file upload-v3.txt (compact mmCIF, C-alpha atoms and all ligand atoms)
# COMPACT_ATOMS: atom_id res chain seq x y z
CA MET V 1 -32.19 -71.08 -122.70
CA VAL V 2 -32.13 -67.70 -120.98
CA LYS V 3 -34.29 -65.09 -122.72
CA LYS V 4 -34.42 -62.05 -120.42
CA ILE V 5 -31.21 -60.58 -118.99
CA GLY V 6 -30.90 -57.63 -116.60
CA ILE V 7 -27.87 -55.43 -116.05
CA LEU V 8 -26.98 -53.12 -113.17
CA THR V 9 -24.07 -51.07 -111.81
CA SER V 10 -23.36 -51.16 -108.07
CA GLY V 11 -21.00 -49.54 -105.55
CA GLY V 12 -18.69 -46.71 -106.65
CA ASP V 13 -19.15 -45.66 -110.30
CA ALA V 14 -16.22 -45.98 -112.70
CA PRO V 15 -15.49 -44.64 -116.19
CA GLY V 16 -16.11 -47.41 -118.71
CA MET V 17 -19.27 -48.67 -117.00
CA ASN V 18 -21.37 -47.19 -119.82
CA ALA V 19 -19.29 -48.99 -122.46
CA THR V 20 -19.82 -52.25 -120.53
CA VAL V 21 -23.58 -51.72 -120.49
CA ILE V 22 -23.54 -50.94 -124.22
CA GLY V 23 -21.43 -54.06 -124.95
CA ALA V 24 -23.83 -56.26 -123.00
CA ILE V 25 -26.97 -54.80 -124.55
CA LYS V 26 -25.75 -54.96 -128.15
CA THR V 27 -24.53 -58.53 -127.70
CA GLY V 28 -27.72 -59.61 -125.93
CA ILE V 29 -29.97 -58.20 -128.62
CA SER V 30 -27.83 -59.74 -131.37
CA LEU V 31 -28.38 -63.10 -129.60
CA ASN V 32 -32.12 -62.44 -129.58
CA LYS V 33 -32.37 -61.74 -125.83
CA ASP V 34 -34.64 -59.23 -124.15
CA MET V 35 -32.31 -56.84 -122.35
CA TYR V 36 -33.30 -54.87 -119.23
CA VAL V 37 -31.45 -52.25 -117.27
CA VAL V 38 -31.96 -51.98 -113.53
CA TYR V 39 -31.50 -48.44 -112.21
CA ASP V 40 -29.73 -47.68 -108.89
CA GLY V 41 -27.88 -50.95 -108.41
CA TYR V 42 -29.38 -53.49 -106.02
CA LYS V 43 -31.76 -50.79 -104.76
CA GLY V 44 -33.48 -50.85 -108.17
CA LEU V 45 -34.15 -54.57 -107.81
CA ILE V 46 -36.23 -54.15 -104.71
CA ASN V 47 -37.89 -50.96 -106.02
CA ASN V 48 -38.84 -52.60 -109.36
CA ASN V 49 -36.82 -50.01 -111.23
CA PHE V 50 -36.43 -52.00 -114.47
CA LYS V 51 -36.54 -50.83 -118.06
CA LYS V 52 -36.56 -52.93 -121.21
CA VAL V 53 -34.13 -51.37 -123.66
CA ASP V 54 -33.36 -51.52 -127.36
CA LYS V 55 -29.98 -51.89 -129.03
CA ASN V 56 -29.42 -48.12 -129.21
CA PHE V 57 -29.77 -47.59 -125.46
CA ILE V 58 -27.19 -45.05 -124.18
CA GLU V 59 -24.99 -45.64 -127.22
CA ASP V 60 -24.16 -41.91 -127.16
CA LYS V 61 -22.70 -42.38 -123.65
CA MET V 62 -19.72 -44.47 -124.74
CA ASN V 63 -17.42 -41.49 -124.10
CA VAL V 64 -19.02 -40.38 -120.84
CA GLY V 65 -17.76 -41.17 -117.33
CA GLY V 66 -19.94 -42.32 -114.43
CA THR V 67 -22.83 -44.70 -114.99
CA ALA V 68 -25.91 -43.68 -116.96
CA ILE V 69 -28.00 -46.37 -115.22
CA LYS V 70 -27.00 -44.96 -111.81
CA THR V 71 -25.53 -46.77 -108.88
CA ALA V 72 -26.18 -47.08 -105.18
CA ARG V 73 -25.05 -48.83 -102.05
CA LEU V 74 -27.61 -50.93 -100.21
CA PRO V 75 -26.05 -52.46 -97.06
CA GLU V 76 -29.30 -54.35 -96.31
CA PHE V 77 -28.65 -56.51 -99.37
CA LYS V 78 -26.54 -58.69 -97.08
CA GLU V 79 -29.83 -59.84 -95.51
CA GLU V 80 -31.46 -62.83 -97.18
CA SER V 81 -34.98 -61.41 -96.73
CA VAL V 82 -34.01 -58.30 -98.72
CA ARG V 83 -32.40 -60.39 -101.46
CA GLN V 84 -35.56 -62.52 -101.58
CA LYS V 85 -37.55 -59.37 -102.47
CA ALA V 86 -35.10 -58.79 -105.32
CA VAL V 87 -35.46 -62.39 -106.54
CA ASP V 88 -39.27 -62.11 -106.39
CA ALA V 89 -39.22 -58.85 -108.36
CA LEU V 90 -36.93 -60.32 -111.02
CA LYS V 91 -39.07 -63.44 -111.34
CA LYS V 92 -42.24 -61.34 -111.63
CA GLU V 93 -40.63 -59.48 -114.54
CA GLY V 94 -39.43 -62.79 -116.02
CA ILE V 95 -35.75 -61.77 -115.77
CA GLU V 96 -33.76 -64.99 -115.34
CA ALA V 97 -30.19 -63.72 -115.30
CA LEU V 98 -28.30 -60.63 -114.21
CA ILE V 99 -25.05 -58.85 -115.00
CA VAL V 100 -23.62 -57.00 -112.00
CA ILE V 101 -20.90 -54.41 -112.61
CA GLY V 102 -19.20 -53.46 -109.34
CA GLY V 103 -16.50 -54.31 -106.83
CA ASP V 104 -16.03 -57.16 -104.39
CA GLY V 105 -19.09 -56.22 -102.29
CA SER V 106 -21.28 -56.29 -105.38
CA TYR V 107 -19.72 -59.66 -106.33
CA MET V 108 -20.89 -61.13 -103.00
CA GLY V 109 -24.43 -59.95 -103.75
CA ALA V 110 -24.21 -61.50 -107.24
CA LYS V 111 -23.00 -64.85 -105.90
CA LYS V 112 -25.74 -64.98 -103.30
CA LEU V 113 -28.43 -64.12 -105.89
CA THR V 114 -27.09 -66.97 -108.04
CA GLU V 115 -27.49 -69.32 -105.07
CA MET V 116 -31.10 -68.11 -104.83
CA GLY V 117 -31.88 -69.04 -108.43
CA ILE V 118 -30.88 -66.01 -110.54
CA ASN V 119 -27.76 -66.70 -112.57
CA CYS V 120 -25.42 -63.73 -112.18
CA VAL V 121 -22.13 -62.72 -113.78
CA GLY V 122 -19.99 -60.07 -112.04
CA LEU V 123 -17.85 -57.57 -113.92
CA PRO V 124 -14.99 -55.70 -112.21
CA GLY V 125 -16.24 -52.10 -112.10
CA THR V 126 -14.08 -49.98 -109.81
CA ILE V 127 -11.27 -47.47 -110.24
CA ASP V 128 -9.36 -49.14 -107.39
CA ASN V 129 -8.03 -52.16 -109.37
CA ASP V 130 -8.64 -54.29 -106.30
CA ILE V 131 -10.17 -57.33 -108.03
CA ALA V 132 -7.38 -59.87 -108.32
CA SER V 133 -9.18 -62.06 -110.87
CA SER V 134 -8.67 -59.39 -113.54
CA ASP V 135 -5.38 -57.71 -114.49
CA PHE V 136 -7.24 -54.40 -114.72
CA THR V 137 -10.63 -53.28 -113.50
CA ILE V 138 -13.11 -51.16 -115.46
CA GLY V 139 -12.21 -47.55 -114.61
CA PHE V 140 -8.60 -48.07 -113.51
CA ASP V 141 -6.90 -46.88 -116.70
CA THR V 142 -9.00 -43.72 -116.91
CA ALA V 143 -8.59 -42.90 -113.22
CA LEU V 144 -4.85 -43.45 -113.53
CA ASN V 145 -4.67 -40.98 -116.41
CA THR V 146 -6.74 -38.45 -114.43
CA VAL V 147 -4.45 -38.85 -111.42
CA VAL V 148 -1.32 -38.50 -113.56
CA ASN V 149 -2.68 -35.32 -115.20
CA ALA V 150 -3.49 -33.86 -111.78
CA ILE V 151 0.01 -34.65 -110.49
CA ASP V 152 1.57 -33.09 -113.60
CA ASN V 153 -0.45 -29.91 -112.97
CA ILE V 154 0.55 -29.82 -109.33
CA ARG V 155 4.19 -30.40 -110.33
CA ASP V 156 4.06 -27.23 -112.53
CA THR V 157 3.02 -24.98 -109.69
CA MET V 158 5.27 -26.68 -107.09
CA THR V 159 8.27 -26.23 -109.42
CA SER V 160 7.50 -22.53 -109.86
CA HIS V 161 7.75 -22.07 -106.07
CA ASN V 162 10.38 -24.75 -105.36
CA ARG V 163 7.74 -26.41 -103.18
CA CYS V 164 6.81 -29.87 -102.03
CA GLY V 165 3.44 -31.19 -103.20
CA ILE V 166 1.80 -33.89 -101.12
CA ILE V 167 -1.01 -35.62 -102.99
CA GLU V 168 -3.49 -38.06 -101.49
CA ILE V 169 -4.84 -40.57 -104.00
CA MET V 170 -8.05 -42.59 -103.64
CA GLY V 171 -8.05 -46.34 -103.93
CA ASN V 172 -9.68 -47.58 -100.77
CA ARG V 173 -7.33 -50.27 -99.40
CA CYS V 174 -5.64 -50.93 -102.76
CA PRO V 175 -2.74 -48.60 -103.62
CA ASP V 176 -2.40 -49.47 -107.34
CA LEU V 177 -3.41 -45.99 -108.52
CA THR V 178 -0.77 -44.48 -106.22
CA ILE V 179 2.12 -46.75 -107.17
CA PHE V 180 1.37 -46.71 -110.92
CA ALA V 181 1.05 -42.90 -110.82
CA GLY V 182 4.33 -42.68 -108.90
CA LEU V 183 6.11 -44.41 -111.73
CA ALA V 184 4.34 -42.37 -114.41
CA THR V 185 5.25 -39.00 -112.84
CA ASN V 186 8.73 -39.58 -111.36
CA ALA V 187 7.27 -38.79 -107.94
CA GLU V 188 10.04 -38.35 -105.39
CA GLU V 189 8.27 -40.45 -102.73
CA VAL V 190 5.39 -42.95 -102.75
CA PHE V 191 3.80 -44.10 -99.50
CA THR V 192 1.25 -46.90 -99.37
CA CYS V 193 0.15 -49.69 -97.02
CA ASP V 194 2.79 -51.90 -98.69
CA HIS V 195 5.47 -49.19 -98.47
CA PRO V 196 4.57 -46.93 -95.52
CA LEU V 197 6.27 -43.81 -94.18
CA THR V 198 8.09 -45.22 -91.17
CA ASP V 199 10.88 -42.68 -90.63
CA LYS V 200 9.95 -39.01 -90.96
CA GLU V 201 13.45 -37.80 -90.01
CA ALA V 202 14.92 -39.77 -92.91
CA LEU V 203 12.33 -38.22 -95.23
CA TYR V 204 13.27 -34.69 -94.07
CA LYS V 205 16.94 -35.49 -94.75
CA ARG V 206 16.16 -36.75 -98.25
CA MET V 207 14.10 -33.62 -98.89
CA ASN V 208 16.82 -31.23 -97.73
CA LYS V 209 19.44 -33.09 -99.75
CA ALA V 210 17.25 -32.92 -102.88
CA LEU V 211 16.90 -29.16 -102.37
CA GLU V 212 20.66 -28.74 -102.00
CA GLU V 213 21.14 -30.74 -105.20
CA GLY V 214 18.89 -28.30 -107.05
CA LYS V 215 15.66 -30.32 -107.33
CA GLU V 216 13.04 -27.67 -108.06
CA SER V 217 10.04 -29.56 -106.71
CA PHE V 218 9.40 -32.58 -104.53
CA ILE V 219 6.29 -34.70 -105.04
CA ILE V 220 5.06 -37.08 -102.35
CA LEU V 221 2.19 -39.43 -103.22
CA VAL V 222 0.17 -40.92 -100.39
CA ALA V 223 -2.47 -43.63 -100.77
CA GLU V 224 -5.74 -42.74 -99.02
CA LYS V 225 -6.43 -44.07 -95.50
CA LEU V 226 -2.68 -44.21 -94.74
CA LEU V 227 -1.91 -40.93 -92.98
CA ASP V 228 -3.21 -37.38 -92.54
CA VAL V 229 -1.71 -35.38 -95.42
CA LYS V 230 -2.48 -32.04 -93.69
CA GLU V 231 -0.43 -33.19 -90.69
CA LEU V 232 2.41 -34.24 -92.99
CA GLU V 233 2.23 -30.80 -94.65
CA LYS V 234 2.64 -29.13 -91.23
CA ASP V 235 5.53 -31.43 -90.28
CA ILE V 236 7.38 -30.76 -93.53
CA ASN V 237 6.88 -27.00 -93.19
CA ALA V 238 8.28 -27.17 -89.65
CA ASN V 239 11.19 -29.54 -90.25
CA THR V 240 12.57 -28.99 -93.77
CA ASN V 241 13.78 -26.08 -95.85
CA ARG V 242 10.97 -26.53 -98.36
CA GLU V 243 7.39 -25.27 -98.15
CA ALA V 244 4.72 -27.96 -98.59
CA ARG V 245 1.15 -27.93 -99.90
CA ALA V 246 -1.19 -30.91 -99.54
CA THR V 247 -3.97 -31.80 -102.01
CA VAL V 248 -6.58 -34.53 -101.63
CA LEU V 249 -7.64 -35.55 -105.15
CA GLY V 250 -10.86 -37.21 -103.98
CA HIS V 251 -13.73 -37.76 -106.39
CA ILE V 252 -12.16 -35.78 -109.23
CA GLN V 253 -10.27 -38.99 -110.02
CA ARG V 254 -13.47 -41.04 -110.33
CA GLY V 255 -15.17 -39.03 -113.10
CA GLY V 256 -14.20 -38.15 -116.65
CA LYS V 257 -14.14 -39.44 -120.18
CA PRO V 258 -13.04 -43.10 -120.37
CA THR V 259 -9.79 -43.71 -122.26
CA ALA V 260 -9.94 -45.59 -125.57
CA MET V 261 -8.56 -48.84 -124.09
CA GLU V 262 -11.01 -48.52 -121.20
CA ARG V 263 -13.90 -48.41 -123.65
CA VAL V 264 -12.59 -51.35 -125.67
CA ASN V 265 -11.98 -53.61 -122.66
CA SER V 266 -15.20 -52.58 -120.92
CA PHE V 267 -17.23 -53.31 -124.05
CA ARG V 268 -15.50 -56.71 -124.44
CA MET V 269 -16.27 -57.68 -120.85
CA GLY V 270 -19.93 -56.67 -121.17
CA ALA V 271 -20.29 -58.75 -124.34
CA TYR V 272 -18.56 -61.76 -122.74
CA ALA V 273 -20.86 -61.68 -119.71
CA VAL V 274 -23.88 -62.14 -121.99
CA GLU V 275 -22.18 -65.03 -123.80
CA LEU V 276 -21.55 -66.78 -120.46
CA LEU V 277 -25.14 -66.32 -119.31
CA ASP V 278 -26.31 -67.60 -122.68
CA GLN V 279 -24.32 -70.79 -122.00
CA GLY V 280 -26.05 -71.12 -118.61
CA ILE V 281 -22.94 -70.11 -116.64
CA GLY V 282 -23.53 -68.06 -113.47
CA GLY V 283 -21.98 -67.26 -110.08
CA VAL V 284 -18.77 -66.24 -111.85
CA CYS V 285 -16.92 -63.02 -112.53
CA VAL V 286 -15.26 -61.89 -115.72
CA GLY V 287 -11.76 -60.54 -116.02
CA ILE V 288 -9.06 -59.81 -118.55
CA HIS V 289 -5.90 -61.81 -117.97
CA GLU V 290 -2.98 -61.49 -120.38
CA ASN V 291 -5.38 -59.76 -122.79
CA LYS V 292 -7.75 -62.74 -122.81
CA LEU V 293 -11.27 -62.77 -121.43
CA VAL V 294 -11.50 -65.22 -118.54
CA TYR V 295 -14.06 -66.15 -115.91
CA THR V 296 -13.63 -67.35 -112.33
CA ASP V 297 -16.01 -68.59 -109.64
CA ILE V 298 -16.82 -65.53 -107.49
CA TYR V 299 -15.85 -67.17 -104.18
CA ASP V 300 -12.52 -68.30 -105.67
CA ALA V 301 -11.94 -64.84 -107.12
CA LEU V 302 -12.54 -63.16 -103.76
CA LYS V 303 -9.98 -65.47 -102.13
CA LEU V 304 -7.21 -64.50 -104.57
CA GLU V 305 -4.42 -62.45 -103.10
CA ARG V 306 -3.96 -58.92 -104.44
CA ASN V 307 -0.87 -58.34 -106.57
CA LYS V 308 1.13 -55.87 -104.48
CA HIS V 309 3.32 -54.90 -107.44
CA MET V 310 6.39 -54.86 -105.18
CA ASP V 311 8.55 -54.80 -108.34
CA PHE V 312 7.09 -51.34 -109.05
CA TYR V 313 8.63 -49.96 -105.84
CA LYS V 314 12.05 -51.12 -107.07
CA LEU V 315 11.47 -49.45 -110.43
CA HIS V 316 10.26 -46.37 -108.64
CA ASP V 317 13.57 -46.11 -106.80
CA LEU V 318 15.19 -45.78 -110.24
CA VAL V 319 12.95 -42.99 -111.50
CA LYS V 320 12.78 -40.79 -108.43
P1 LIG U 401 -18.15 -52.47 -104.21
O1 LIG U 401 -19.06 -53.39 -104.93
O2 LIG U 401 -17.60 -51.37 -105.05
O3 LIG U 401 -17.10 -53.22 -103.40
P2 LIG U 401 -19.65 -52.09 -101.81
O4 LIG U 401 -18.72 -52.86 -100.93
O5 LIG U 401 -20.24 -50.82 -101.28
O6 LIG U 401 -19.01 -51.65 -103.18
O7 LIG U 401 -20.80 -53.07 -102.24
C1 LIG U 401 -21.83 -52.64 -103.11
C2 LIG U 401 -23.12 -53.25 -102.68
O8 LIG U 401 -23.03 -54.68 -102.78
C3 LIG U 401 -23.50 -53.00 -101.23
O9 LIG U 401 -24.08 -51.72 -101.04
C4 LIG U 401 -24.49 -54.12 -100.99
O10 LIG U 401 -25.73 -53.78 -101.59
C5 LIG U 401 -23.88 -55.26 -101.80
N1 LIG U 401 -23.09 -56.15 -100.92
C6 LIG U 401 -21.92 -55.88 -100.31
N2 LIG U 401 -21.50 -56.91 -99.55
C7 LIG U 401 -22.45 -57.87 -99.66
C8 LIG U 401 -22.62 -59.19 -99.11
N3 LIG U 401 -21.73 -59.71 -98.28
N4 LIG U 401 -23.72 -59.87 -99.45
C9 LIG U 401 -24.66 -59.34 -100.30
N5 LIG U 401 -24.54 -58.12 -100.85
C10 LIG U 401 -23.47 -57.38 -100.54
O1 LIG U 402 -14.20 -47.82 -104.60
C1 LIG U 402 -14.06 -46.60 -105.27
C2 LIG U 402 -13.82 -45.47 -104.30
O2 LIG U 402 -13.73 -44.27 -105.03
C3 LIG U 402 -12.59 -45.66 -103.38
O3 LIG U 402 -11.40 -45.33 -104.06
C4 LIG U 402 -12.94 -44.71 -102.26
O4 LIG U 402 -12.32 -45.12 -101.05
C5 LIG U 402 -14.45 -44.84 -102.15
O5 LIG U 402 -14.90 -45.37 -103.39
C6 LIG U 402 -15.16 -43.54 -101.90
O6 LIG U 402 -16.51 -43.81 -101.75
P1 LIG U 402 -17.65 -42.68 -101.72
O7 LIG U 402 -17.97 -42.34 -103.13
O8 LIG U 402 -18.77 -43.34 -101.02
O9 LIG U 402 -17.09 -41.49 -101.00

call {"tool": "encode", "arguments": {"input": "upload-v3.txt", "output": "structure tokens"}}
result
Amino acid sequence: MVKKIGILTSGGDAPGMNATVIGAIKTGISLNKDMYVVYDGYKGLINNNFKKVDKNFIEDKMNVGGTAIKTARLPEFKEESVRQKAVDALKKEGIEALIVIGGDGSYMGAKKLTEMGINCVGLPGTIDNDIASSDFTIGFDTALNTVVNAIDNIRDTMTSHNRCGIIEIMGNRCPDLTIFAGLATNAEEVFTCDHPLTDKEALYKRMNKALEEGKESFIILVAEKLLDVKELEKDINANTNREARATVLGHIQRGGKPTAMERVNSFRMGAYAVELLDQGIGGVCVGIHENKLVYTDIYDALKLERNKHMDFYKLHDLVK
């Protein structure tokens, strides 16, 4: 039976990661395991950056965004020789199993480590909500609330000037934050990879009509990596009767205090990961599906198609 379990955070940080670490550590210690944190993601494995922790470790960080055990990206981890160094370091320390909190890239690393003899469980830590094996990822709910608050603030100032606010929202290649925020803020337009801006002239017409009808502001949400929001700002200023201002939210949406549900679900997932490792299960990732904890083989999980939430675009037509 596994005795020593490590835990690390990898890739982009996300609010709720600390609650996940706390959930794993408290559960592990209650099951009589020795719990270790690995600082700096996969980098910490090859740099021997391990620390044995007690049950109180970072328990005051439940309400803090980011990750207290740090994170990093290590592209070389795709190379087997680099992963072998990590396996050797873990074995030297006697750590037999690992919890990896991160996105799909981190999941690949976790699966490959499992194939090299270290049982790993992946947890979906990313604000992007781009892990299809879980209804929601750790960080998504908090980031969504941050994005919605930012849009509300921008709406206030745009309304005061009768302006158009263009807001670029992070999410890598997954537009969930953009489309969910569109619904939550009555945004006038939402453009994503699944619902792109294909006809600028039609947009200008809709904007001028909205102005004539007395709409005091006009909010356009744009998922990152879709178009240049500064260019769109220029085009709108040149072709419509409304002044536009573009804002790129950027990393502001990745930090901040995790919401209550974020903390609860993150803690649950951390605890469940330890239970799986205790049963000798590895090479899988944990998710929450219909409010139940579930686990899926990592390769199967990575093959699942993303939910495009096309029904949200229909609903959005009603609110805008
Ligand atoms: P995320 O986990 O958020 O998707 P990345 O794609 O940056 O973020 O991946 C995080 C880390 O996972 C990478 O820096 C690398 O160390 C590791 N990783 C990514 N892809 C692979 C892979 N194919 N094999 C092994 N490790 C990988
Ligand atoms: O995956 C989380 C995320 O914040 C994406 O939304 C974004 O595209 C990317 O990470 C930004 O990465 P970095 O922190 O390296 O700029």

call {"tool": "residues_around", "arguments": {"input": "upload-v3.txt", "residues": "Val64 in chain V", "least_positions_apart": "5", "cutoff": "12 Å", "atoms": "only C-alpha atoms", "output": "ChimeraX atom specification"}}
result
/V:13-20,22,58-59,139,142,254-260,262-263

call {"tool": "closest_residue", "arguments": {"input": "upload-v3.txt", "among": "V:Leu277, V:Ile236, V:Val190, V:Met269", "to": "Asn208 in chain V", "atoms": "only C-alpha atoms"}}
result
V:Ile236

call {"tool": "axis_aligned_box", "arguments": {"input": "upload-v3.txt", "around": "ligand LIG 402 (chain U)", "padding_each_side": "3 Å", "output": "JSON"}}
result
{"center_x": -15.1, "center_y": -44.7, "center_z": -103.1, "size_x": 13.4, "size_y": 12.3, "size_z": 10.3}

call {"tool": "residues_around", "arguments": {"input": "upload-v3.txt", "residues": "range 221-226 of chain V", "least_positions_apart": "3", "cutoff": "8 Å", "atoms": "all atoms listed in the file", "output": "PDB file with C-alpha atoms, in the frame of the given file"}}
result
ATOM      1  CA  ILE V 166       1.800 -33.890-101.120  1.00  0.00           C
ATOM      2  CA  ILE V 167      -1.010 -35.620-102.990  1.00  0.00           C
ATOM      3  CA  GLU V 168      -3.490 -38.060-101.490  1.00  0.00           C
ATOM      4  CA  ILE V 169      -4.840 -40.570-104.000  1.00  0.00           C
ATOM      5  CA  MET V 170      -8.050 -42.590-103.640  1.00  0.00           C
ATOM      6  CA  GLY V 171      -8.050 -46.340-103.930  1.00  0.00           C
ATOM      7  CA  ASN V 172      -9.680 -47.580-100.770  1.00  0.00           C
ATOM      8  CA  ARG V 173      -7.330 -50.270 -99.400  1.00  0.00           C
ATOM      9  CA  PRO V 175      -2.740 -48.600-103.620  1.00  0.00           C
ATOM     10  CA  THR V 178      -0.770 -44.480-106.220  1.00  0.00           C
ATOM     11  CA  GLY V 182       4.330 -42.680-108.900  1.00  0.00           C
ATOM     12  CA  ALA V 187       7.270 -38.790-107.940  1.00  0.00           C
ATOM     13  CA  GLU V 189       8.270 -40.450-102.730  1.00  0.00           C
ATOM     14  CA  VAL V 190       5.390 -42.950-102.750  1.00  0.00           C
ATOM     15  CA  PHE V 191       3.800 -44.100 -99.500  1.00  0.00           C
ATOM     16  CA  THR V 192       1.250 -46.900 -99.370  1.00  0.00           C
ATOM     17  CA  CYS V 193       0.150 -49.690 -97.020  1.00  0.00           C
ATOM     18  CA  PRO V 196       4.570 -46.930 -95.520  1.00  0.00           C
ATOM     19  CA  VAL V 229      -1.710 -35.380 -95.420  1.00  0.00           C
TER      20      VAL V 229
END

call {"tool": "residues_near_ligand", "arguments": {"input": "upload-v3.txt", "ligand": "ligand LIG 401 (chain U)", "cutoff": "7 Å", "atoms": "all atoms listed in the file", "output": "mmCIF file with C-alpha atoms, keeping the file's coordinate frame"}}
result
data_model
loop_
_atom_site.group_PDB
_atom_site.id
_atom_site.type_symbol
_atom_site.label_atom_id
_atom_site.label_comp_id
_atom_site.auth_asym_id
_atom_site.auth_seq_id
_atom_site.Cartn_x
_atom_site.Cartn_y
_atom_site.Cartn_z
ATOM 1 C CA SER V 10 -23.360 -51.160 -108.070
ATOM 2 C CA GLY V 11 -21.000 -49.540 -105.550
ATOM 3 C CA GLY V 12 -18.690 -46.710 -106.650
ATOM 4 C CA TYR V 42 -29.380 -53.490 -106.020
ATOM 5 C CA ALA V 72 -26.180 -47.080 -105.180
ATOM 6 C CA ARG V 73 -25.050 -48.830 -102.050
ATOM 7 C CA LEU V 74 -27.610 -50.930 -100.210
ATOM 8 C CA PRO V 75 -26.050 -52.460 -97.060
ATOM 9 C CA GLU V 76 -29.300 -54.350 -96.310
ATOM 10 C CA PHE V 77 -28.650 -56.510 -99.370
ATOM 11 C CA LYS V 78 -26.540 -58.690 -97.080
ATOM 12 C CA GLY V 102 -19.200 -53.460 -109.340
ATOM 13 C CA GLY V 103 -16.500 -54.310 -106.830
ATOM 14 C CA ASP V 104 -16.030 -57.160 -104.390
ATOM 15 C CA GLY V 105 -19.090 -56.220 -102.290
ATOM 16 C CA SER V 106 -21.280 -56.290 -105.380
ATOM 17 C CA TYR V 107 -19.720 -59.660 -106.330
ATOM 18 C CA MET V 108 -20.890 -61.130 -103.000
ATOM 19 C CA GLY V 109 -24.430 -59.950 -103.750
ATOM 20 C CA LYS V 112 -25.740 -64.980 -103.300
ATOM 21 C CA THR V 126 -14.080 -49.980 -109.810
#

call {"tool": "closest_residue", "arguments": {"input": "upload-v3.txt", "among": "V:Asn265, V:Gln84, V:Ser134, V:Thr71", "to": "ligand LIG 402 (chain U)", "atoms": "all atoms listed in the file"}}
result
V:Thr71

call {"tool": "closest_residue", "arguments": {"input": "upload-v3.txt", "among": "V:Cys174, V:Met207, V:Leu293, V:Leu232", "to": "ligand LIG 402 (chain U)", "atoms": "only C-alpha atoms and all ligand atoms"}}
result
V:Cys174

call {"tool": "residues_around", "arguments": {"input": "upload-v3.txt", "residues": "range 36-39 of chain V", "least_positions_apart": "2", "cutoff": "8 Å", "atoms": "all atoms listed in the file", "output": "number ranges by chain"}}
result
V: 4-9, 34, 41, 43-45, 49-53, 69-71

call {"tool": "closest_residue", "arguments": {"input": "upload-v3.txt", "among": "V:Thr157, V:Asn307, V:Asn186, V:Thr137", "to": "ligand LIG 402 (chain U)", "atoms": "all atoms listed in the file"}}
result
V:Thr137

call {"tool": "residues_near_point", "arguments": {"input": "upload-v3.txt", "point": "(4.0, -49.2, -107.0)", "cutoff": "8 Å", "atoms": "all atoms listed in the file", "output": "list in words"}}
result
Pro175, Asp176, Thr178, Ile179, Phe180, Ala181, Gly182, Leu183, Val190, Lys308, His309, Met310, Asp311, Phe312, Tyr313 and His316 of chain V

call {"tool": "closest_residue", "arguments": {"input": "upload-v3.txt", "among": "V:Gly282, V:Ala244, V:Leu304, V:Asp130", "to": "ligand LIG 402 (chain U)", "atoms": "all atoms listed in the file"}}
result
V:Asp130

call {"tool": "closest_residue", "arguments": {"input": "upload-v3.txt", "among": "V:Leu249, V:Ile220, V:Ile118, V:Leu276", "to": "Gly94 in chain V", "atoms": "all atoms listed in the file"}}
result
V:Ile118

call {"tool": "decode", "arguments": {"input": "upload-v3.txt", "residues": "range 156-188 of chain V", "atoms": "C-alpha atoms", "output": "CSV table (one decimal), in the first residue's frame"}}
result
chain,number,residue,atom,x,y,z
V,156,ASP,CA,-20.5,51.6,-15.8
V,157,THR,CA,-18.0,53.9,-17.5
V,158,MET,CA,-19.1,53.0,-21.1
V,159,THR,CA,-22.7,53.9,-20.1
V,160,SER,CA,-21.7,57.2,-18.7
V,161,HIS,CA,-20.1,58.1,-22.1
V,162,ASN,CA,-22.6,56.2,-24.3
V,163,ARG,CA,-19.5,54.2,-25.5
V,164,CYS,CA,-18.8,50.8,-26.8
V,165,GLY,CA,-16.5,48.6,-24.6
V,166,ILE,CA,-14.6,45.8,-26.3
V,167,ILE,CA,-13.2,43.3,-23.8
V,168,GLU,CA,-10.7,40.6,-24.6
V,169,ILE,CA,-11.0,37.6,-22.2
V,170,MET,CA,-8.4,34.9,-21.6
V,171,GLY,CA,-9.1,31.3,-22.1
V,172,ASN,CA,-6.5,30.0,-24.4
V,173,ARG,CA,-8.4,28.1,-27.1
V,174,CYS,CA,-11.4,27.5,-25.0
V,175,PRO,CA,-14.0,30.3,-24.9
V,176,ASP,CA,-16.1,29.2,-21.9
V,177,LEU,CA,-15.2,32.2,-19.8
V,178,THR,CA,-16.2,34.5,-22.7
V,179,ILE,CA,-19.6,32.8,-23.4
V,180,PHE,CA,-20.6,32.3,-19.8
V,181,ALA,CA,-19.6,36.0,-19.0
V,182,GLY,CA,-21.6,37.1,-22.0
V,183,LEU,CA,-24.7,35.5,-20.6
V,184,ALA,CA,-24.0,36.9,-17.1
V,185,THR,CA,-23.6,40.5,-18.2
V,186,ASN,CA,-26.1,40.8,-21.1
V,187,ALA,CA,-23.2,41.6,-23.4
V,188,GLU,CA,-24.4,42.9,-26.7
